[in-house]
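A.B. asks: My structure is in target-v7.cif, and what it holds is mmCIF, C-alpha atoms:
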data_input
loop_
_atom_site.label_atom_id
_atom_site.label_comp_id
_atom_site.auth_asym_id
_atom_site.auth_seq_id
_atom_site.Cartn_x
_atom_site.Cartn_y
_atom_site.Cartn_z
CA MET A 1 -9.22 -6.14 -35.36
CA THR A 2 -8.84 -3.84 -32.39
CA GLY A 3 -5.23 -2.83 -31.76
CA PHE A 4 -3.47 -3.01 -28.42
CA LYS A 5 -2.27 0.09 -26.67
CA ASN A 6 -0.48 0.79 -23.43
CA GLY A 7 -2.59 1.85 -20.49
CA TYR A 8 -2.83 5.24 -18.88
CA LYS A 9 -0.83 4.11 -15.84
CA CYS A 10 2.48 4.36 -17.65
CA LEU A 11 2.55 7.03 -20.34
CA ASP A 12 6.19 6.63 -21.37
CA CYS A 13 9.54 5.55 -19.95
CA LYS A 14 10.77 9.15 -19.67
CA HIS A 15 8.06 10.29 -17.28
CA CYS A 16 7.31 7.00 -15.53
CA PHE A 17 7.65 7.04 -11.75
CA LYS A 18 7.56 3.22 -11.65
CA LYS A 19 10.56 2.48 -13.81
CA SER A 20 13.63 0.53 -12.72
CA PRO A 21 16.22 2.62 -10.82
CA LEU A 22 18.71 1.44 -13.45
CA PHE A 23 16.83 3.50 -16.01
CA SER A 24 18.03 6.67 -14.27
CA LEU A 25 21.36 5.92 -15.99
CA LEU A 26 19.79 6.27 -19.44
CA THR A 27 19.57 9.35 -21.61
CA THR A 28 16.28 10.77 -22.85
CA SER A 29 17.01 9.36 -26.28
CA GLU A 30 17.71 5.89 -24.89
CA LEU A 31 14.49 5.94 -22.88
CA ASP A 32 12.62 6.91 -26.02
CA ASP A 33 14.18 3.93 -27.85
CA LEU A 34 13.01 1.54 -25.14
CA ASN A 35 9.58 3.13 -24.97
CA GLU A 36 8.99 2.54 -28.67
CA THR A 37 9.04 -1.22 -28.10
CA ARG A 38 7.40 -1.27 -24.66
CA LEU A 39 4.22 -3.24 -23.97
CA GLU A 40 2.17 -2.88 -20.78
CA VAL A 41 0.41 -6.04 -19.58
CA THR A 42 -1.57 -7.02 -16.49
CA PHE A 43 -1.69 -10.53 -15.00
CA LYS A 44 -4.03 -12.20 -12.55
CA LYS A 45 -2.70 -14.12 -9.57
CA GLY A 46 -1.40 -17.51 -10.72
CA GLU A 47 -0.93 -16.57 -14.38
CA ILE A 48 2.35 -17.38 -16.13
CA ILE A 49 4.25 -14.25 -17.20
CA TYR A 50 6.88 -16.22 -19.11
CA LYS A 51 7.50 -19.96 -19.32
CA GLN A 52 10.65 -22.03 -19.18
CA GLY A 53 11.69 -23.16 -22.67
CA THR A 54 9.90 -20.42 -24.61
CA PRO A 55 11.67 -17.78 -26.72
CA LEU A 56 13.01 -14.82 -24.75
CA THR A 57 11.69 -11.89 -26.75
CA HIS A 58 11.36 -9.24 -24.02
CA ILE A 59 12.83 -8.08 -20.74
CA VAL A 60 10.04 -8.08 -18.13
CA ILE A 61 9.74 -5.48 -15.37
CA ILE A 62 7.03 -6.03 -12.74
CA ASN A 63 5.90 -2.59 -11.59
CA GLU A 64 2.97 -3.72 -9.43
CA GLY A 65 2.59 -6.91 -7.41
CA LEU A 66 4.85 -9.87 -6.70
CA GLY A 67 6.16 -12.67 -8.89
CA LYS A 68 8.19 -15.83 -8.37
CA ILE A 69 10.90 -17.31 -10.57
CA TYR A 70 11.15 -21.09 -10.56
CA LEU A 71 12.59 -24.11 -12.33
CA GLU A 72 10.02 -26.55 -13.65
CA GLY A 73 10.92 -30.03 -12.45
CA VAL A 74 9.77 -33.52 -13.37
CA LYS A 75 6.41 -34.81 -12.14
CA GLY A 76 5.26 -31.29 -11.33
CA ARG A 77 7.92 -30.68 -8.65
CA ASN A 78 9.16 -27.13 -9.05
CA LEU A 79 12.02 -25.32 -7.34
CA ILE A 80 11.52 -21.63 -6.56
CA LEU A 81 14.74 -19.70 -7.19
CA SER A 82 13.64 -16.27 -6.00
CA TYR A 83 10.82 -13.77 -5.73
CA THR A 84 10.94 -10.73 -7.96
CA LYS A 85 11.14 -7.32 -6.43
CA GLN A 86 9.33 -4.46 -8.11
CA TYR A 87 11.28 -2.80 -10.92
CA GLU A 88 13.83 -5.62 -11.30
CA LEU A 89 14.76 -6.50 -14.88
CA ASN A 90 13.77 -10.12 -15.50
CA GLY A 91 15.20 -12.08 -18.38
CA GLY A 92 17.80 -14.48 -17.08
CA VAL A 93 20.88 -16.04 -18.63
CA GLY A 94 19.11 -16.50 -21.95
CA VAL A 95 19.49 -12.78 -22.69
CA PHE A 96 23.12 -13.40 -23.66
CA VAL A 97 23.12 -17.14 -24.40
CA ASP A 98 20.31 -18.40 -26.62
CA GLN A 99 17.39 -16.00 -26.11
CA ARG A 100 15.30 -18.67 -24.42
CA HIS A 101 13.79 -18.68 -20.95
CA HIS A 102 15.57 -21.11 -18.62
CA SER A 103 13.07 -20.57 -15.80
CA SER A 104 9.43 -19.55 -15.44
CA LEU A 105 7.95 -16.40 -13.91
CA MET A 106 4.49 -16.54 -12.32
CA ALA A 107 2.33 -13.81 -10.81
CA VAL A 108 2.00 -14.48 -7.07
CA THR A 109 -0.46 -11.60 -6.76
CA ASP A 110 -2.23 -9.57 -9.42
CA CYS A 111 0.61 -7.90 -11.30
CA GLY A 112 1.32 -5.11 -13.74
CA ALA A 113 4.36 -5.50 -15.98
CA CYS A 114 6.21 -3.77 -18.78
CA PHE A 115 7.77 -5.80 -21.58
CA ILE A 116 10.75 -4.27 -23.41
CA GLU A 117 11.80 -5.85 -26.69
CA ILE A 118 15.13 -7.67 -26.28
CA ASN A 119 16.93 -6.21 -29.32
CA ALA A 120 16.07 -2.65 -28.31
CA PHE A 121 17.29 -3.44 -24.81
CA LYS A 122 20.57 -4.89 -26.09
CA LYS A 123 21.12 -1.87 -28.33
CA VAL A 124 20.83 0.45 -25.33
CA LEU A 125 23.15 -1.82 -23.33
CA ARG A 126 25.81 -1.70 -26.02
CA GLY A 127 25.62 2.07 -26.26
CA ASN A 128 25.75 2.89 -22.54
CA ALA A 129 28.66 1.33 -20.63
CA VAL A 130 27.51 2.62 -17.23
CA PHE A 131 24.05 1.13 -17.71
CA MET A 132 25.55 -2.18 -18.91
CA GLU A 133 27.80 -2.41 -15.85
CA ALA A 134 24.88 -1.70 -13.51
CA TYR A 135 22.73 -4.32 -15.25
CA ILE A 136 25.49 -6.95 -15.10
CA LYS A 137 26.03 -6.17 -11.40
CA ALA A 138 22.31 -6.59 -10.63
CA HIS A 139 22.17 -9.81 -12.64
CA SER A 140 25.30 -11.14 -10.92
CA GLU A 141 23.79 -10.47 -7.49
CA ARG A 142 20.78 -12.58 -8.43
CA VAL A 143 23.02 -15.39 -9.71
CA LEU A 144 24.99 -15.20 -6.45
CA HIS A 145 21.73 -15.61 -4.51
CA THR A 146 21.02 -18.75 -6.54
CA TYR A 147 24.48 -20.14 -5.72
CA GLN A 148 23.88 -19.50 -2.03
CA GLN A 149 20.44 -21.09 -2.23
CA PHE A 150 21.79 -24.30 -3.77
CA ALA A 151 24.45 -24.46 -1.05
CA VAL A 152 21.70 -24.22 1.57
CA LEU A 153 19.53 -26.85 -0.13
CA THR A 154 22.37 -29.37 -0.41
CA GLN A 155 24.16 -28.79 2.90
CA LYS A 156 21.47 -28.06 5.51
CA ASN A 157 18.72 -30.06 7.14
CA MET A 158 15.03 -29.25 6.69
CA GLU A 159 14.89 -26.89 9.68
CA GLY A 160 17.93 -24.98 8.44
CA ARG A 161 16.53 -24.70 4.93
CA MET A 162 13.18 -23.42 6.18
CA ALA A 163 14.85 -20.91 8.50
CA GLU A 164 17.03 -19.60 5.65
CA SER A 165 13.98 -19.25 3.39
CA ILE A 166 11.90 -17.39 5.97
CA LEU A 167 14.82 -15.01 6.63
CA TYR A 168 15.22 -14.44 2.88
CA LEU A 169 11.52 -13.64 2.49
CA ASN A 170 11.53 -11.39 5.53
CA ASN A 171 14.76 -9.52 4.76
CA GLN A 172 14.83 -9.37 0.98
CA VAL A 173 11.26 -9.63 -0.31
CA PHE A 174 8.95 -8.21 2.34
CA ARG A 175 11.53 -5.91 3.99
CA ASN A 176 10.98 -6.91 7.63
CA GLY A 177 7.23 -6.99 7.27
CA VAL A 178 4.66 -9.75 7.37
CA ILE A 179 5.29 -12.53 4.82
CA LYS A 180 2.13 -12.61 2.71
CA ASN A 181 0.89 -14.51 -0.34
CA VAL A 182 3.47 -17.29 0.16
CA THR A 183 1.65 -20.60 0.43
CA LYS A 184 2.89 -23.71 2.22
CA GLN A 185 3.37 -25.26 -1.23
CA ASP A 186 5.53 -22.27 -2.16
CA LEU A 187 7.62 -22.76 0.98
CA ALA A 188 8.00 -26.43 0.08
CA GLU A 189 9.22 -25.48 -3.41
CA LEU A 190 11.54 -22.84 -1.97
CA THR A 191 13.14 -25.35 0.41
CA ALA A 192 13.09 -28.50 -1.77
CA MET A 193 10.75 -30.33 0.62
CA THR A 194 7.43 -32.04 0.30
CA LYS A 195 4.46 -29.95 1.37
CA GLU A 196 3.93 -32.27 4.34
CA SER A 197 7.49 -31.78 5.55
CA ALA A 198 7.25 -28.01 5.15
CA ILE A 199 4.04 -27.95 7.21
CA ARG A 200 5.70 -30.03 9.94
CA VAL A 201 8.72 -27.73 10.20
CA LEU A 202 6.52 -24.63 10.26
CA LYS A 203 4.49 -26.20 13.07
CA GLU A 204 7.70 -26.82 15.04
CA PHE A 205 8.79 -23.19 14.58
CA LYS A 206 5.37 -21.98 15.68
CA GLU A 207 5.31 -24.21 18.78
CA ASP A 208 8.81 -23.03 19.71
CA GLY A 209 7.66 -19.40 19.55
CA ILE A 210 9.96 -18.56 16.63
CA ILE A 211 7.23 -17.55 14.17
CA GLU A 212 3.57 -16.66 14.20
CA ILE A 213 1.13 -17.73 11.49
CA VAL A 214 -2.15 -15.80 11.23
CA ASP A 215 -4.47 -16.17 8.23
CA HIS A 216 -1.63 -17.83 6.25
CA ASN A 217 0.65 -14.84 6.92
CA ILE A 218 3.99 -15.43 8.66
CA SER A 219 5.66 -13.07 11.15
CA ILE A 220 9.00 -13.66 12.88
CA LEU A 221 8.71 -13.50 16.67
CA ASP A 222 12.28 -14.49 17.58
CA GLN A 223 14.69 -13.50 14.82
CA LYS A 224 17.78 -14.45 16.83
CA ALA A 225 16.48 -17.98 17.36
CA LEU A 226 15.61 -18.27 13.66
CA GLN A 227 19.11 -17.10 12.70
CA GLN A 228 20.60 -19.73 14.99
CA VAL A 229 18.55 -22.46 13.31
CA ALA A 230 19.65 -21.15 9.90
CA LEU A 231 23.29 -21.09 11.01
CA HIS A 232 23.44 -24.53 12.58
CA GLY A 233 20.73 -26.39 10.68
#
Mind turning the file's structure into structure tokens?
C.D. replies:
Amino acid sequence: MTGFKNGYKCLDCKHCFKKSPLFSLLTTSELDDLNETRLEVTFKKGEIIYKQGTPLTHIVIINEGLGKIYLEGVKGRNLILSYTKQYELNGGVGVFVDQRHHSSLMAVTDCGACFIEINAFKKVLRGNAVFMEAYIKAHSERVLHTYQQFAVLTQKNMEGRMAESILYLNNQVFRNGVIKNVTKQDLAELTAMTKESAIRVLKEFKEDGIIEIVDHNISILDQKALQQVALHG
């Protein structure tokens, strides 16, 4: 049987220029410990990187491409919690609870990812208080985003929810650029709407001159107006 080996793109964690900024807090020895368990994997658009309910054996870091984290609902209705930024450490609450995945991660585009074995990761966490604090802070910020998202989904109308989601994608994921690779079904799952309702709200925003949609890509034309809809929706 042919063995697996990591690709040439990422020789080791010490010399990698694509590693998480949190890894700058680690010593050479700690990076070596993580590198010993590291696996480098590529995914095609639409492939599952990890699935809700499966054992959590590795921390996943997407170093190329875009992924989405979502809850799998009944009758195929999913709820997108967030989009992963490059170099974020993805594991979720199961890292410290039961070592199971409580959400799924899917490749939105072709992706490259590093998998770091969970016990090696925990060992480094326990031995480096500064790194542990930084990791907990980053994880807490993502949990806070989820709290805010659920408040939006339960307290705002469809227009307000869509406006909040477009602002999140623009400000946090695509950094004030064109929103790409986010389908109308994705927007429906991000806003807890049906696809038909999401399409209707997008059409309203486009007709009002708030957004522009070209080749399935979304650009904000009137950010102030969109912020007002998000605020009062």
A.B. asks: Please expand the PyMOL selection byres ((chain A and resi 73) around 12) into the concrete residues it hits in this file, giving the result as a ChimeraX atom specification.
C.D. replies: /A:52,70-72,74-80,102-104,189,192
A.B. asks: List as a list in words the protein and nucleic acid residues near region 196-199 of chain A, meaning an atom at most 7 Å away when only C-alpha atoms are counted, but skip any in the same chain fewer than 5 places from it.
C.D. replies: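 The neighbour list is Lys184, Leu187 and Ala188 of chain A.
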A.B. asks: Could you work out how far CA of Thr57 (chain A) lies from CA of Tyr135 (chain A), giving the answer in Å with one decimal?
C.D. replies: 17.6 Å
A.B. asks: Under the PyMOL selection byres ((chain A and resi 106) around 7), which residues of this model are included? Write them out as JSON, numbers by chain.
C.D. replies: {"A": [46, 47, 48, 49, 67, 68, 69, 104, 105, 107, 108]}
A.B. asks: Could you please determine the separation between CA of Pro55 (chain A) and CA of Thr37 (chain A) in Å, to one decimal place?
C.D. replies: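 Pair CA of Pro55 (chain A) / CA of Thr37 (chain A) returns 16.8 Å.
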A.B. asks: One decimal, in Å: what's the spacing between CA of Glu159 (chain A) and CA of Phe174 (chain A)?
C.D. replies: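 CA of Glu159 (chain A) sits 20.9 Å away from CA of Phe174 (chain A).
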A.B. asks: Just checking: using only C-alpha atoms, which residue out of A:Tyr147, A:Phe115, A:Phe43, A:Phe96 ends up closest to Val60 (chain A)?
C.D. replies: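 So, comparing all the options, the nearest one is A:Phe115.
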A.B. asks: Tell me which of A:Ser219, A:Thr54, A:Ser29, A:Asn170 sits closest to Phe205 (chain A), counting all atoms listed in the file.
C.D. replies: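 Closest to Phe205 (chain A) of all the choices is A:Ser219.
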A.B. asks: With the file shown as input, list the residues that the PyMOL selection byres ((chain A and resi 98) around 12) selects, as a list in words.
C.D. replies: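 So the PyMOL selection byres ((chain A and resi 98) around 12), applied here, picks out Gly53, Thr54, Pro55, Leu56, Thr57, Gly91, Gly92, Val93, Gly94, Val95, Phe96, Val97, Gln99, Arg100, His101, His102 and Ile118 of chain A.
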A.B. asks: Please determine, counting all atoms listed in the file, which residue among A:Ile166, A:Asp33, A:Ile179, A:Glu64 has the shortest atom-to-atom distance to Val214 (chain A).
C.D. replies: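 Comparing A:Ile166, A:Asp33, A:Ile179, A:Glu64 against Val214 (chain A), the winner is A:Ile179.
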A.B. asks: Which of these residues is nearest to Asn119 (chain A), using only C-alpha atoms: A:Val182, A:Leu34, A:Asn90, A:Leu169?
C.D. replies: A:Leu34
A.B. asks: With distances taken over all atoms listed in the file, which residue among A:Leu81, A:Ala120, A:Leu22, A:Ile220 lies nearest Leu144 (chain A)?
C.D. replies: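 Closest to Leu144 (chain A), using all atoms listed in the file: A:Leu81.
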A.B. asks: Go through A:Tyr83, A:Phe121, A:Tyr168, A:Tyr50 one by one, measure the shortest atom-to-atom distance of each to Asn35 (chain A) using all atoms listed in the file, and give the residue with the smallest value.
C.D. replies: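 Between A:Tyr83, A:Phe121, A:Tyr168, A:Tyr50, the residue approaching Asn35 (chain A) most closely is A:Phe121.
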A.B. asks: Could you pull region 45-73 of chain A out of the structure I just pasted and write it to a file containing N, CA, C and O atoms, as a short mmCIF file (atom, residue, chain, number, x, y, z; two decimals), in the first residue's frame?
C.D. replies:
data_model
loop_
_atom_site.label_atom_id
_atom_site.label_comp_id
_atom_site.auth_asym_id
_atom_site.auth_seq_id
_atom_site.Cartn_x
_atom_site.Cartn_y
_atom_site.Cartn_z
N LYS A 45 -14.54 21.79 -4.20
CA LYS A 45 -15.73 22.56 -3.85
C LYS A 45 -16.90 21.63 -3.59
O LYS A 45 -17.19 20.71 -4.35
N GLY A 46 -17.57 21.83 -2.45
CA GLY A 46 -18.73 21.03 -2.09
C GLY A 46 -18.43 19.80 -1.26
O GLY A 46 -19.37 19.16 -0.75
N GLU A 47 -17.16 19.47 -1.08
CA GLU A 47 -16.81 18.30 -0.26
C GLU A 47 -16.90 18.64 1.23
O GLU A 47 -16.63 19.77 1.64
N ILE A 48 -17.27 17.63 2.02
CA ILE A 48 -17.36 17.79 3.47
C ILE A 48 -15.96 17.64 4.07
O ILE A 48 -15.27 16.65 3.80
N ILE A 49 -15.55 18.60 4.86
CA ILE A 49 -14.24 18.54 5.53
C ILE A 49 -14.37 17.81 6.87
O ILE A 49 -13.55 16.97 7.20
N TYR A 50 -15.40 18.14 7.64
CA TYR A 50 -15.79 17.28 8.76
C TYR A 50 -17.30 17.37 8.92
O TYR A 50 -17.92 18.34 8.51
N LYS A 51 -17.89 16.33 9.51
CA LYS A 51 -19.34 16.20 9.55
C LYS A 51 -19.86 16.17 10.97
O LYS A 51 -19.27 15.53 11.85
N GLN A 52 -20.96 16.87 11.16
CA GLN A 52 -21.64 16.90 12.46
C GLN A 52 -21.91 15.49 12.96
O GLN A 52 -22.41 14.64 12.22
N GLY A 53 -21.53 15.23 14.22
CA GLY A 53 -21.78 13.92 14.83
C GLY A 53 -20.61 12.96 14.77
O GLY A 53 -20.61 11.95 15.47
N THR A 54 -19.59 13.27 13.95
CA THR A 54 -18.44 12.37 13.84
C THR A 54 -17.41 12.69 14.92
O THR A 54 -17.41 13.78 15.50
N PRO A 55 -16.51 11.75 15.21
CA PRO A 55 -15.47 12.01 16.21
C PRO A 55 -14.58 13.19 15.81
O PRO A 55 -14.21 13.33 14.64
N LEU A 56 -14.24 14.01 16.80
CA LEU A 56 -13.35 15.15 16.57
C LEU A 56 -11.92 14.69 16.88
O LEU A 56 -11.51 14.64 18.03
N THR A 57 -11.20 14.34 15.85
CA THR A 57 -9.86 13.79 16.04
C THR A 57 -8.75 14.80 15.73
O THR A 57 -7.61 14.61 16.14
N HIS A 58 -9.11 15.88 15.00
CA HIS A 58 -8.11 16.85 14.57
C HIS A 58 -8.66 18.27 14.60
O HIS A 58 -9.86 18.47 14.38
N ILE A 59 -7.81 19.22 14.85
CA ILE A 59 -8.09 20.62 14.60
C ILE A 59 -7.83 20.87 13.11
O ILE A 59 -6.83 20.39 12.56
N VAL A 60 -8.73 21.59 12.44
CA VAL A 60 -8.60 21.83 11.00
C VAL A 60 -8.30 23.30 10.74
O VAL A 60 -8.99 24.18 11.25
N ILE A 61 -7.28 23.55 9.94
CA ILE A 61 -6.91 24.91 9.55
C ILE A 61 -6.97 24.99 8.03
O ILE A 61 -6.19 24.33 7.34
N ILE A 62 -7.89 25.78 7.50
CA ILE A 62 -7.96 25.99 6.05
C ILE A 62 -6.92 27.04 5.67
O ILE A 62 -6.96 28.16 6.17
N ASN A 63 -5.98 26.66 4.83
CA ASN A 63 -4.93 27.61 4.44
C ASN A 63 -5.10 28.13 3.01
O ASN A 63 -4.41 29.06 2.60
N GLU A 64 -6.02 27.53 2.28
CA GLU A 64 -6.37 28.02 0.94
C GLU A 64 -7.86 27.81 0.74
O GLU A 64 -8.39 26.76 1.05
N GLY A 65 -8.56 28.83 0.21
CA GLY A 65 -9.97 28.67 -0.09
C GLY A 65 -10.87 29.13 1.03
O GLY A 65 -10.44 29.75 2.01
N LEU A 66 -12.14 28.79 0.91
CA LEU A 66 -13.20 29.25 1.81
C LEU A 66 -14.07 28.08 2.21
O LEU A 66 -14.42 27.24 1.39
N GLY A 67 -14.44 28.04 3.48
CA GLY A 67 -15.33 27.00 3.97
C GLY A 67 -16.50 27.61 4.73
O GLY A 67 -16.46 28.78 5.11
N LYS A 68 -17.54 26.81 4.94
CA LYS A 68 -18.68 27.27 5.74
C LYS A 68 -18.98 26.24 6.83
O LYS A 68 -18.89 25.04 6.62
N ILE A 69 -19.33 26.77 8.01
CA ILE A 69 -19.68 25.94 9.15
C ILE A 69 -21.19 26.03 9.32
O ILE A 69 -21.77 27.12 9.35
N TYR A 70 -21.85 24.88 9.43
CA TYR A 70 -23.31 24.90 9.50
C TYR A 70 -23.84 23.78 10.38
O TYR A 70 -23.18 22.76 10.61
N LEU A 71 -25.06 24.01 10.88
CA LEU A 71 -25.79 22.99 11.62
C LEU A 71 -26.67 22.24 10.64
O LEU A 71 -27.37 22.85 9.82
N GLU A 72 -26.65 20.92 10.72
CA GLU A 72 -27.50 20.11 9.86
C GLU A 72 -28.87 19.99 10.51
O GLU A 72 -29.01 19.50 11.61
N GLY A 73 -29.90 20.48 9.81
CA GLY A 73 -31.25 20.45 10.34
C GLY A 73 -32.05 19.29 9.79
O GLY A 73 -31.59 18.49 8.98
#
